[in-house]
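Participant: entry_24.cif is reproduced below (mmCIF, C-alpha atoms and all ligand atoms).
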data_entry
loop_
_atom_site.label_atom_id
_atom_site.label_comp_id
_atom_site.auth_asym_id
_atom_site.auth_seq_id
_atom_site.Cartn_x
_atom_site.Cartn_y
_atom_site.Cartn_z
CA MET A 16 89.56 -51.96 127.64
CA GLN A 17 86.24 -50.56 128.92
CA SER A 18 86.27 -47.88 131.59
CA ASP A 19 83.23 -47.07 133.72
CA LEU A 20 82.58 -43.97 131.61
CA ILE A 21 82.53 -45.99 128.40
CA LYS A 22 80.16 -48.52 129.98
CA ARG A 23 77.96 -45.79 131.39
CA ILE A 24 77.58 -44.08 128.02
CA GLY A 25 77.04 -47.50 126.44
CA LEU A 26 79.91 -47.52 123.95
CA GLN A 27 81.71 -50.47 122.45
CA TRP A 28 85.03 -48.64 121.96
CA PRO A 29 86.93 -45.87 123.79
CA ILE A 30 86.90 -43.77 120.63
CA PHE A 31 85.23 -40.35 120.61
CA GLN A 32 84.85 -38.34 117.41
CA ALA A 33 85.59 -34.73 118.35
CA PRO A 34 82.72 -32.31 117.96
CA MET A 35 83.70 -30.10 115.01
CA ALA A 36 81.43 -27.12 114.44
CA GLY A 37 81.19 -26.48 110.69
CA VAL A 38 83.08 -29.66 109.76
CA GLY A 39 81.32 -32.56 111.48
CA SER A 40 77.85 -33.56 110.32
CA PRO A 41 74.92 -35.70 111.47
CA ALA A 42 76.03 -38.34 108.94
CA MET A 43 79.50 -38.43 110.50
CA ALA A 44 78.21 -38.54 114.08
CA ALA A 45 75.77 -41.34 113.25
CA ALA A 46 78.42 -43.35 111.39
CA VAL A 47 80.85 -43.16 114.33
CA SER A 48 78.13 -44.04 116.86
CA ASN A 49 76.89 -46.92 114.70
CA ALA A 50 80.47 -48.22 114.59
CA GLY A 51 80.54 -48.35 118.42
CA GLY A 52 82.39 -45.08 119.12
CA LEU A 53 80.92 -41.79 120.29
CA GLY A 54 79.83 -39.57 117.40
CA ALA A 55 79.54 -35.87 118.06
CA LEU A 56 77.77 -32.77 116.81
CA GLY A 57 79.30 -29.33 117.27
CA ILE A 58 76.35 -26.94 117.65
CA GLY A 59 78.40 -24.04 119.05
CA ALA A 60 77.83 -21.88 115.97
CA ALA A 61 74.30 -23.12 115.18
CA SER A 62 70.93 -21.55 115.92
CA VAL A 63 68.53 -23.46 118.17
CA ASP A 64 66.52 -24.61 115.15
CA GLN A 65 69.59 -25.72 113.22
CA ALA A 66 70.90 -27.57 116.28
CA ARG A 67 67.60 -29.34 116.85
CA GLU A 68 67.53 -30.41 113.22
CA MET A 69 71.11 -31.74 113.46
CA ILE A 70 70.20 -33.78 116.54
CA ARG A 71 67.07 -35.17 114.88
CA ASP A 72 68.95 -36.01 111.67
CA THR A 73 71.55 -37.88 113.73
CA ARG A 74 68.84 -39.74 115.67
CA ALA A 75 67.21 -40.75 112.41
CA ALA A 76 70.48 -42.46 111.43
CA THR A 77 71.51 -44.06 114.72
CA ASP A 78 69.93 -45.46 117.89
CA ASN A 79 73.28 -45.24 119.66
CA PRO A 80 74.45 -42.48 122.02
CA PHE A 81 76.14 -39.37 120.66
CA ASN A 82 77.58 -36.14 122.05
CA VAL A 83 76.24 -32.63 121.48
CA ASN A 84 78.81 -29.89 122.06
CA VAL A 85 78.21 -26.24 122.97
CA PHE A 86 80.53 -23.23 123.38
CA CYS A 87 80.67 -21.72 126.88
CA HIS A 88 82.87 -18.69 126.28
CA LYS A 89 82.51 -15.45 128.19
CA PRO A 90 79.95 -13.45 126.17
CA ALA A 91 81.72 -11.14 123.71
CA GLN A 92 82.75 -7.65 124.79
CA SER A 93 82.19 -5.30 121.89
CA ASN A 94 84.69 -2.45 121.50
CA ALA A 95 83.91 -0.15 118.57
CA LYS A 96 87.43 1.30 118.35
CA VAL A 97 89.16 -2.12 118.38
CA GLU A 98 86.73 -3.41 115.75
CA THR A 99 87.09 -0.35 113.48
CA ASP A 100 90.88 -0.49 113.74
CA TRP A 101 90.83 -4.20 112.95
CA LEU A 102 88.71 -3.64 109.85
CA THR A 103 91.07 -0.87 108.75
CA ARG A 104 93.99 -3.26 109.10
CA MET A 105 92.13 -5.90 107.11
CA ALA A 106 90.98 -3.50 104.37
CA PRO A 107 94.00 -4.16 102.08
CA LEU A 108 93.23 -7.90 102.24
CA PHE A 109 89.66 -7.25 101.09
CA GLU A 110 90.94 -4.85 98.39
CA GLN A 111 92.94 -7.68 96.78
CA PHE A 112 89.58 -9.26 95.97
CA SER A 113 87.94 -5.99 94.91
CA ALA A 114 85.81 -6.13 98.04
CA ALA A 115 85.23 -3.80 100.97
CA PRO A 116 85.36 -4.96 104.59
CA PRO A 117 82.06 -5.04 106.51
CA THR A 118 81.09 -1.67 108.01
CA ALA A 119 80.56 -3.23 111.46
CA LEU A 120 81.22 -6.53 113.20
CA HIS A 121 78.78 -8.59 115.25
CA GLU A 122 78.75 -11.36 117.83
CA ILE A 123 77.79 -14.01 115.30
CA TYR A 124 76.69 -16.62 117.82
CA ARG A 125 75.67 -16.68 121.43
CA SER A 126 77.51 -18.37 124.27
CA PHE A 127 75.67 -21.30 125.89
CA GLN A 128 76.41 -19.54 129.18
CA VAL A 129 73.57 -17.13 128.33
CA ASP A 130 71.33 -19.15 126.03
CA PRO A 131 68.22 -20.46 127.82
CA ASP A 132 66.58 -21.40 124.50
CA MET A 133 69.44 -23.74 123.59
CA LEU A 134 69.22 -25.28 127.08
CA GLU A 135 65.49 -25.82 126.69
CA MET A 136 66.06 -27.51 123.32
CA LEU A 137 68.71 -29.81 124.83
CA LEU A 138 66.42 -30.72 127.70
CA GLU A 139 63.69 -31.58 125.20
CA GLU A 140 65.92 -33.56 122.86
CA ARG A 141 68.00 -35.18 125.63
CA PRO A 142 71.10 -36.37 123.77
CA ALA A 143 73.01 -39.02 125.75
CA VAL A 144 76.05 -36.75 126.17
CA VAL A 145 76.53 -32.96 126.21
CA SER A 146 80.00 -31.42 126.25
CA PHE A 147 81.25 -27.91 126.93
CA HIS A 148 84.13 -26.04 125.28
CA PHE A 149 85.82 -22.78 126.49
CA GLY A 150 84.44 -23.04 130.02
CA LEU A 151 81.35 -24.14 131.87
CA PRO A 152 77.73 -22.98 131.87
CA PRO A 153 76.06 -21.74 135.09
CA THR A 154 75.56 -24.23 137.94
CA GLU A 155 71.78 -24.35 137.41
CA THR A 156 72.27 -25.27 133.75
CA ILE A 157 74.61 -28.13 134.72
CA ALA A 158 72.07 -29.29 137.32
CA ALA A 159 69.20 -29.24 134.80
CA LEU A 160 71.16 -31.27 132.24
CA ARG A 161 72.27 -33.77 134.90
CA GLU A 162 68.72 -34.15 136.12
CA ALA A 163 67.69 -34.99 132.56
CA GLY A 164 70.11 -37.96 132.76
CA ILE A 165 72.63 -36.48 130.33
CA VAL A 166 76.32 -37.42 130.74
CA LEU A 167 78.36 -34.19 130.90
CA LEU A 168 81.91 -33.60 129.67
CA ALA A 169 84.05 -30.47 129.36
CA SER A 170 87.37 -29.60 127.74
CA ALA A 171 90.27 -28.46 129.88
CA THR A 172 93.76 -27.38 128.85
CA SER A 173 95.33 -27.26 132.34
CA LEU A 174 95.07 -28.84 135.77
CA ALA A 175 93.37 -25.71 137.13
CA GLU A 176 90.62 -25.81 134.50
CA ALA A 177 90.18 -29.56 134.99
CA LYS A 178 89.79 -29.05 138.76
CA THR A 179 86.98 -26.58 138.01
CA VAL A 180 85.35 -29.24 135.84
CA GLN A 181 85.66 -31.81 138.64
CA THR A 182 84.30 -29.42 141.25
CA ALA A 183 81.30 -28.72 139.00
CA GLY A 184 80.48 -32.45 139.23
CA LEU A 185 80.83 -33.32 135.55
CA ASP A 186 81.25 -36.93 134.41
CA GLY A 187 84.49 -36.57 132.49
CA VAL A 188 87.13 -34.08 131.41
CA VAL A 189 88.58 -33.82 127.90
CA ALA A 190 92.32 -33.15 128.26
CA GLN A 191 92.99 -31.02 125.20
CA GLY A 192 96.66 -30.78 124.28
CA TRP A 193 98.53 -27.97 122.53
CA GLU A 194 98.78 -30.07 119.36
CA ALA A 195 94.98 -30.31 118.96
CA GLY A 196 93.20 -28.92 115.91
CA GLY A 197 90.49 -26.29 116.06
CA HIS A 198 89.81 -23.94 118.93
CA ARG A 199 91.80 -24.28 122.10
CA GLY A 200 89.33 -24.87 124.93
CA ILE A 201 91.24 -22.59 127.33
CA PHE A 202 88.74 -20.88 129.65
CA ASP A 203 90.44 -17.46 129.66
CA PRO A 204 92.33 -16.84 126.42
CA ASP A 205 94.20 -13.92 128.05
CA ALA A 206 95.58 -16.10 130.85
CA LEU A 207 99.01 -17.68 130.78
CA ASP A 208 98.91 -20.91 128.75
CA GLY A 209 101.12 -23.82 129.84
CA LYS A 210 100.74 -25.40 126.35
CA LEU A 211 100.87 -28.96 127.65
CA THR A 212 100.73 -31.81 125.18
CA ALA A 213 97.69 -34.05 125.30
CA LEU A 214 99.56 -37.00 126.81
CA GLU A 215 101.34 -34.94 129.46
CA LEU A 216 98.09 -33.23 130.46
CA THR A 217 96.37 -36.63 130.54
CA ARG A 218 99.02 -38.05 132.89
CA ILE A 219 98.75 -35.04 135.21
CA LEU A 220 94.94 -35.12 135.32
CA VAL A 221 94.85 -38.89 135.86
CA GLU A 222 97.26 -38.51 138.76
CA ARG A 223 95.68 -35.44 140.36
CA LEU A 224 91.95 -35.86 139.74
CA ASP A 225 89.35 -38.40 140.58
CA MET A 226 87.37 -38.40 137.34
CA PRO A 227 87.57 -40.00 133.88
CA VAL A 228 89.95 -38.24 131.49
CA ILE A 229 89.61 -38.26 127.70
CA THR A 230 92.76 -37.46 125.70
CA ALA A 231 92.38 -35.00 122.79
CA GLY A 232 95.18 -33.82 120.55
CA GLY A 233 97.33 -35.53 117.95
CA VAL A 234 95.65 -38.94 118.24
CA MET A 235 95.51 -40.19 114.66
CA ASN A 236 95.61 -44.00 114.86
CA GLY A 237 95.18 -47.03 117.11
CA ALA A 238 98.69 -46.66 118.51
CA GLY A 239 97.79 -43.13 119.63
CA ILE A 240 94.63 -44.39 121.31
CA ALA A 241 96.65 -47.12 123.06
CA GLU A 242 99.12 -44.47 124.30
CA ALA A 243 96.24 -42.41 125.71
CA LEU A 244 94.78 -45.46 127.45
CA SER A 245 98.15 -46.43 128.88
CA ALA A 246 98.50 -42.87 130.23
CA GLY A 247 95.30 -43.62 132.16
CA ALA A 248 92.70 -42.08 129.84
CA ALA A 249 89.23 -43.59 129.61
CA ALA A 250 89.07 -42.77 125.89
CA ALA A 251 90.65 -40.71 123.14
CA GLN A 252 88.88 -37.94 121.23
CA LEU A 253 89.95 -37.51 117.61
CA GLY A 254 89.14 -34.49 115.45
CA THR A 255 91.72 -34.01 112.71
CA ALA A 256 91.60 -37.75 111.93
CA PHE A 257 87.98 -37.29 110.77
CA ILE A 258 88.31 -34.10 108.67
CA ASP A 259 88.91 -35.91 105.38
CA CYS A 260 86.08 -38.44 105.84
CA PRO A 261 83.49 -38.15 103.06
CA GLU A 262 80.85 -37.29 105.69
CA SER A 263 82.76 -34.16 106.74
CA LEU A 264 81.67 -30.72 105.56
CA ALA A 265 85.27 -29.71 104.73
CA ASP A 266 85.26 -28.21 101.23
CA ALA A 267 87.52 -29.30 98.35
CA ALA A 268 90.18 -26.64 99.04
CA TYR A 269 90.40 -27.65 102.72
CA ARG A 270 90.83 -31.33 101.75
CA THR A 271 93.42 -30.44 99.09
CA ALA A 272 95.39 -28.42 101.65
CA LEU A 273 95.14 -31.26 104.18
CA ARG A 274 96.58 -33.72 101.64
CA SER A 275 99.35 -31.31 100.58
CA PRO A 276 102.67 -30.36 102.22
CA ALA A 277 100.69 -27.50 103.84
CA ALA A 278 99.51 -30.11 106.37
CA ASN A 279 103.04 -30.29 107.78
CA GLU A 280 102.70 -26.81 109.18
CA THR A 281 99.88 -25.72 111.45
CA THR A 282 99.58 -22.42 113.30
CA MET A 283 97.89 -21.55 116.59
CA LEU A 284 96.40 -18.09 116.14
CA ALA A 285 93.63 -15.90 117.56
CA GLU A 286 93.30 -13.59 114.55
CA ILE A 287 90.71 -15.71 112.71
CA SER A 288 88.04 -15.79 115.40
CA GLY A 289 89.32 -13.89 118.45
CA ARG A 290 90.37 -17.04 120.36
CA PRO A 291 93.43 -19.24 119.86
CA ALA A 292 92.81 -22.04 117.41
CA ARG A 293 95.03 -24.34 115.36
CA CYS A 294 94.71 -24.22 111.62
CA LEU A 295 96.63 -25.18 108.48
CA THR A 296 99.11 -22.43 107.63
CA ASN A 297 97.79 -20.37 104.71
CA GLU A 298 97.73 -16.84 103.30
CA PHE A 299 95.63 -15.55 106.18
CA THR A 300 97.73 -17.13 108.94
CA ARG A 301 100.86 -15.63 107.32
CA TRP A 302 99.21 -12.17 107.39
CA ALA A 303 98.08 -12.77 110.98
CA ALA A 304 101.61 -13.65 112.06
CA GLN A 305 102.66 -10.10 111.14
CA GLN A 306 99.98 -8.44 113.30
CA GLY A 307 101.96 -8.66 116.52
CA GLY A 308 99.27 -10.54 118.42
CA VAL A 309 97.45 -7.36 119.46
CA GLY A 310 94.24 -5.58 118.57
CA THR A 311 92.15 -8.60 117.60
CA PRO A 312 88.45 -8.09 118.47
CA ASP A 313 86.83 -10.37 121.03
CA TYR A 314 85.63 -13.89 120.17
CA PRO A 315 83.50 -14.45 118.09
CA ILE A 316 83.30 -10.83 116.83
CA ALA A 317 86.65 -11.18 114.99
CA TYR A 318 85.25 -14.29 113.28
CA ASP A 319 82.64 -12.10 111.55
CA ALA A 320 85.51 -10.34 109.75
CA GLY A 321 87.37 -13.61 109.10
CA LYS A 322 84.32 -15.20 107.51
CA ALA A 323 83.62 -12.09 105.39
CA LEU A 324 87.22 -12.09 104.14
CA ASN A 325 87.08 -15.78 103.29
CA ALA A 326 83.81 -15.25 101.37
CA ALA A 327 85.37 -12.34 99.42
CA ALA A 328 88.46 -14.44 98.64
CA LYS A 329 86.44 -17.48 97.58
CA SER A 330 84.28 -15.34 95.28
CA VAL A 331 87.37 -14.84 93.11
CA GLY A 332 88.61 -18.42 93.52
CA GLU A 333 91.23 -17.71 96.24
CA THR A 334 91.09 -20.42 98.93
CA GLY A 335 93.95 -19.42 101.21
CA TYR A 336 91.93 -17.26 103.58
CA GLY A 337 89.59 -19.83 105.15
CA ALA A 338 89.71 -21.32 108.63
CA GLN A 339 91.14 -24.71 107.76
CA TRP A 340 91.27 -26.00 111.31
CA ALA A 341 93.63 -28.93 111.84
CA GLY A 342 95.96 -30.32 114.48
CA GLN A 343 99.62 -31.19 114.29
CA GLY A 344 98.67 -34.73 113.26
CA ALA A 345 97.23 -33.37 109.99
CA PRO A 346 99.70 -35.15 107.65
CA ARG A 347 98.45 -38.45 109.07
CA ALA A 348 94.73 -37.85 108.37
CA ARG A 349 93.16 -40.59 106.27
CA CYS A 350 90.39 -40.29 103.74
CA LEU A 351 88.06 -43.10 104.78
CA PRO A 352 84.33 -43.27 105.46
CA ALA A 353 83.84 -42.52 109.17
CA SER A 354 82.57 -46.02 110.02
CA GLU A 355 85.54 -47.58 108.24
CA LEU A 356 87.93 -45.23 110.02
CA VAL A 357 86.53 -46.39 113.37
CA GLU A 358 86.91 -50.03 112.29
CA VAL A 359 90.52 -49.42 111.25
CA LEU A 360 91.24 -47.58 114.53
CA VAL A 361 89.79 -50.51 116.49
CA ARG A 362 91.88 -53.05 114.55
CA GLU A 363 95.02 -50.96 115.11
CA LEU A 364 94.19 -50.53 118.80
CA GLU A 365 93.60 -54.25 119.27
CA ALA A 366 96.90 -55.00 117.55
CA GLU A 367 98.69 -52.61 119.93
CA LEU A 368 97.02 -54.08 123.00
CA ALA A 369 97.84 -57.63 121.89
CA VAL A 370 101.58 -56.89 121.75
C1 LIG A 401 87.84 -28.89 112.42
C2 LIG A 401 87.77 -28.90 113.92
C3 LIG A 401 86.68 -28.30 114.54
C4 LIG A 401 86.57 -28.35 115.94
N1 LIG A 401 85.45 -27.84 116.53
C5 LIG A 401 85.26 -28.06 117.86
C6 LIG A 401 84.00 -27.76 118.45
O1 LIG A 401 83.07 -27.29 117.80
N2 LIG A 401 83.88 -28.01 119.78
C7 LIG A 401 84.88 -28.57 120.53
O2 LIG A 401 84.69 -28.81 121.72
N3 LIG A 401 86.06 -28.86 119.98
C8 LIG A 401 86.26 -28.64 118.67
N4 LIG A 401 87.46 -29.00 118.10
C9 LIG A 401 88.56 -29.52 118.97
C10 LIG A 401 88.34 -30.99 119.28
O3 LIG A 401 87.35 -31.15 120.25
C11 LIG A 401 89.60 -31.68 119.80
O4 LIG A 401 90.09 -31.03 120.94
C12 LIG A 401 90.70 -31.79 118.78
O5 LIG A 401 90.20 -32.10 117.51
C13 LIG A 401 91.68 -32.88 119.19
O6 LIG A 401 92.87 -32.77 118.47
P1 LIG A 401 93.12 -33.43 117.02
O7 LIG A 401 92.43 -32.50 116.07
O8 LIG A 401 94.59 -33.42 116.92
O9 LIG A 401 92.49 -34.78 117.02
C14 LIG A 401 87.59 -28.96 116.72
C15 LIG A 401 88.69 -29.53 116.07
C16 LIG A 401 88.78 -29.52 114.68
C17 LIG A 401 89.96 -30.18 114.02
#
Show me, as structure tokens, the structure contained in the file I just sent.

Facilitator:
Amino acid sequence: MQSDLIKRIGLQWPIFQAPMAGVGSPAMAAAVSNAGGLGALGIGAASVDQAREMIRDTRAATDNPFNVNVFCHKPAQSNAKVETDWLTRMAPLFEQFSAAPPTALHEIYRSFQVDPDMLEMLLEERPAVVSFHFGLPPTETIAALREAGIVLLASATSLAEAKTVQTAGLDGVVAQGWEAGGHRGIFDPDALDGKLTALELTRILVERLDMPVITAGGVMNGAGIAEALSAGAAAAQLGTAFIDCPESLADAAYRTALRSPAANETTMLAEISGRPARCLTNEFTRWAAQQGGVGTPDYPIAYDAGKALNAAAKSVGETGYGAQWAGQGAPRARCLPASELVEVLVRELEAELAV
């Protein structure tokens, strides 16, 4: 059951918890790593100090390897007219909550592509694994992390992106399918998207590349992990499966929605943050669906407006405007402590492999 990548990282099981910025936590990462999987921290939206603290909190709770994930999007292009027009369009939404939209929007976090301070922190803290989402950092950054002995992974949503990851000399590629929850790791969100499922993308990458592939998207149980492994994956990465764990930072409304019929319907949309991402269908996604897919500010500038709207809505008890990221497997999420979830996944996987 153990691939070279799993052995190299030092894991017991081919089970990766997906990094989930804003939802995962040090407690979750440590619990998964202690259970023999690969826990993960999503630091894409964190400051250097916050990220360092998250890494140290995780270390305090586990001696096992874990993954630290950064966002490598093209730095945001501000466009005052697009942003003003967007805020004008959103104004009626704010008005429902007796609030006004922000007067201006900002790039609320920096891409790792241009963040030497975050790199320095990672080189000091040296997590066992670092992974990239939305693209790759500069060659020198990859070289510095490699030299520090860190195993490097990156998401890809197509063969072309995965080839770029292989050429950059990374240790593994995360094949993210169309069904996956959260942000789509597509490098260029304006490019044509083949929308491959996780298993189909896995099969293609296994056949066409010479590097370990990790399947991400719609894997919710041991049978799903077994399917990924039989498609040639070295491991499966699960996000949505962990959202309802007690260690997750998902709030009560998010969990209620996840456990409700709303979980049967997810939407891929760029209007929340400026990049395509899959989320539970709610009041905001229904509004977004009427916007015609044009005029959304660049990522993560649009997210500044999305977060402000959610805060205004929540201040009057309305919870249908938040980014409740989830994949198509949402109705199958289980509410179990993260360590127990890994144990259950392992039991289910072993049962599948024994058949
Ligand atoms: C709540 C949530 C947050 C996510 N945040 C990140 C992130 O910060 N970085 C990242 O690389 N992927 C992120 N993802 C995507 C996952 O890495 C992974 O591709 C996805 O969860 C797999 O599909 P699944 O949700 O169906 O398991 C997130 C996914 C979810 C559900």

Participant: Around ligand LIG 401 (chain A), at most 6 Å away and counting all atoms listed in the file, which residues are there? Put them as a ChimeraX atom specification, please.

Facilitator: /A:33-36,38,57,59,84,148,191,194-198,231-234,253-256,340-342,344

Participant: Have a look at CA of Pro352 (chain A) and CA of Ala190 (chain A) and let me know their distance in Å, one decimal.

Facilitator: 26.2 Å

Participant: Separation of CA of Pro117 (chain A) and CA of Glu298 (chain A), in Å?

Facilitator: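 Rounded to one decimal, the two atoms are 19.9 Å apart.
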
Participant: Draw an axis-aligned box over all listed atoms of region 55-60 of chain A, pad each side with 8 Å, and write its centre and edge lengths in Å, one decimal, as AutoDock Vina command-line options.

Facilitator:
--center_x 77.9 --center_y -28.9 --center_z 117.5 --size_x 19.2 --size_y 30.0 --size_z 19.1

Participant: I'd like the contact shell of Trp302 (chain A) - 12 Å cut-off, all atoms listed in the file, skipping same-chain residues fewer than 5 positions apart - returned as a ChimeraX atom specification.

Facilitator: /A:104-105,107-108,282,284,286-287,296-297,307-308,335-336

Participant: Take CA of Met283 (chain A) and CA of Gly310 (chain A) and report the distance between them in Å, one decimal.

Facilitator: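 The value is 16.5 Å.
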
Participant: Please, which residues in region 244-294 of chain A fall within 12 Å of region 40-44 of chain A when counting all atoms listed in the file, and what is the closest atom pair and distance in Å to one decimal for each, ordered by chain then residue number, as CSV?

Facilitator:
residue,atom,partner,partner_atom,distance
A:Gly254,CA,A:Met43,CA,11.5
A:Phe257,CA,A:Met43,CA,8.6
A:Ile258,CA,A:Met43,CA,10.0
A:Asp259,CA,A:Met43,CA,11.0
A:Cys260,CA,A:Met43,CA,8.1
A:Pro261,CA,A:Met43,CA,8.4
A:Glu262,CA,A:Met43,CA,5.1
A:Ser263,CA,A:Ser40,CA,6.1
A:Leu264,CA,A:Ser40,CA,6.7
A:Ala265,CA,A:Ser40,CA,10.1

Participant: Name the closest residue to Val228 (chain A) among the candidates A:Ser48, A:Thr212, A:Gln181, A:Gln65; distances are taken between atoms, counting all atoms listed in the file.

Facilitator: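 Using all atoms listed in the file, the shortest distance to Val228 (chain A) belongs to A:Gln181.
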
Participant: Working from the structure I just supplied, which lacks atoms in region 300-314 of chain A, can you model N, CA and C atoms there and output them as a short mmCIF file (atom, residue, chain, number, x, y, z; two decimals), in the frame of the given file?

Facilitator:
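Ended up saving to selection.cif:
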data_model
loop_
_atom_site.label_atom_id
_atom_site.label_comp_id
_atom_site.auth_asym_id
_atom_site.auth_seq_id
_atom_site.Cartn_x
_atom_site.Cartn_y
_atom_site.Cartn_z
N THR A 300 96.92 -16.94 107.72
CA THR A 300 97.73 -17.13 108.94
C THR A 300 99.07 -16.41 108.79
N ARG A 301 99.59 -16.35 107.54
CA ARG A 301 100.86 -15.63 107.32
C ARG A 301 100.66 -14.13 107.57
N TRP A 302 99.52 -13.59 107.13
CA TRP A 302 99.21 -12.17 107.39
C TRP A 302 99.07 -11.97 108.91
N ALA A 303 98.34 -12.90 109.54
CA ALA A 303 98.08 -12.77 110.98
C ALA A 303 99.38 -12.76 111.78
N ALA A 304 100.34 -13.56 111.32
CA ALA A 304 101.61 -13.65 112.06
C ALA A 304 102.34 -12.31 112.09
N GLN A 305 101.98 -11.41 111.17
CA GLN A 305 102.66 -10.10 111.14
C GLN A 305 101.90 -9.05 111.96
N GLN A 306 100.81 -9.44 112.61
CA GLN A 306 99.98 -8.44 113.30
C GLN A 306 100.41 -8.18 114.74
N GLY A 307 101.41 -8.92 115.20
CA GLY A 307 101.96 -8.66 116.52
C GLY A 307 101.11 -9.17 117.67
N GLY A 308 100.07 -9.93 117.36
CA GLY A 308 99.27 -10.54 118.42
C GLY A 308 98.46 -9.55 119.23
N VAL A 309 98.25 -8.36 118.70
CA VAL A 309 97.45 -7.36 119.46
C VAL A 309 96.34 -6.80 118.58
N GLY A 310 95.29 -6.32 119.27
CA GLY A 310 94.24 -5.58 118.57
C GLY A 310 93.18 -6.44 117.91
N THR A 311 93.19 -7.75 118.18
CA THR A 311 92.15 -8.60 117.60
C THR A 311 90.85 -8.42 118.39
N PRO A 312 89.72 -8.21 117.74
CA PRO A 312 88.45 -8.09 118.47
C PRO A 312 88.14 -9.37 119.25
N ASP A 313 87.20 -9.26 120.16
CA ASP A 313 86.83 -10.37 121.03
C ASP A 313 86.19 -11.51 120.21
N TYR A 314 86.28 -12.72 120.78
CA TYR A 314 85.63 -13.89 120.17
C TYR A 314 84.12 -13.80 120.41
#
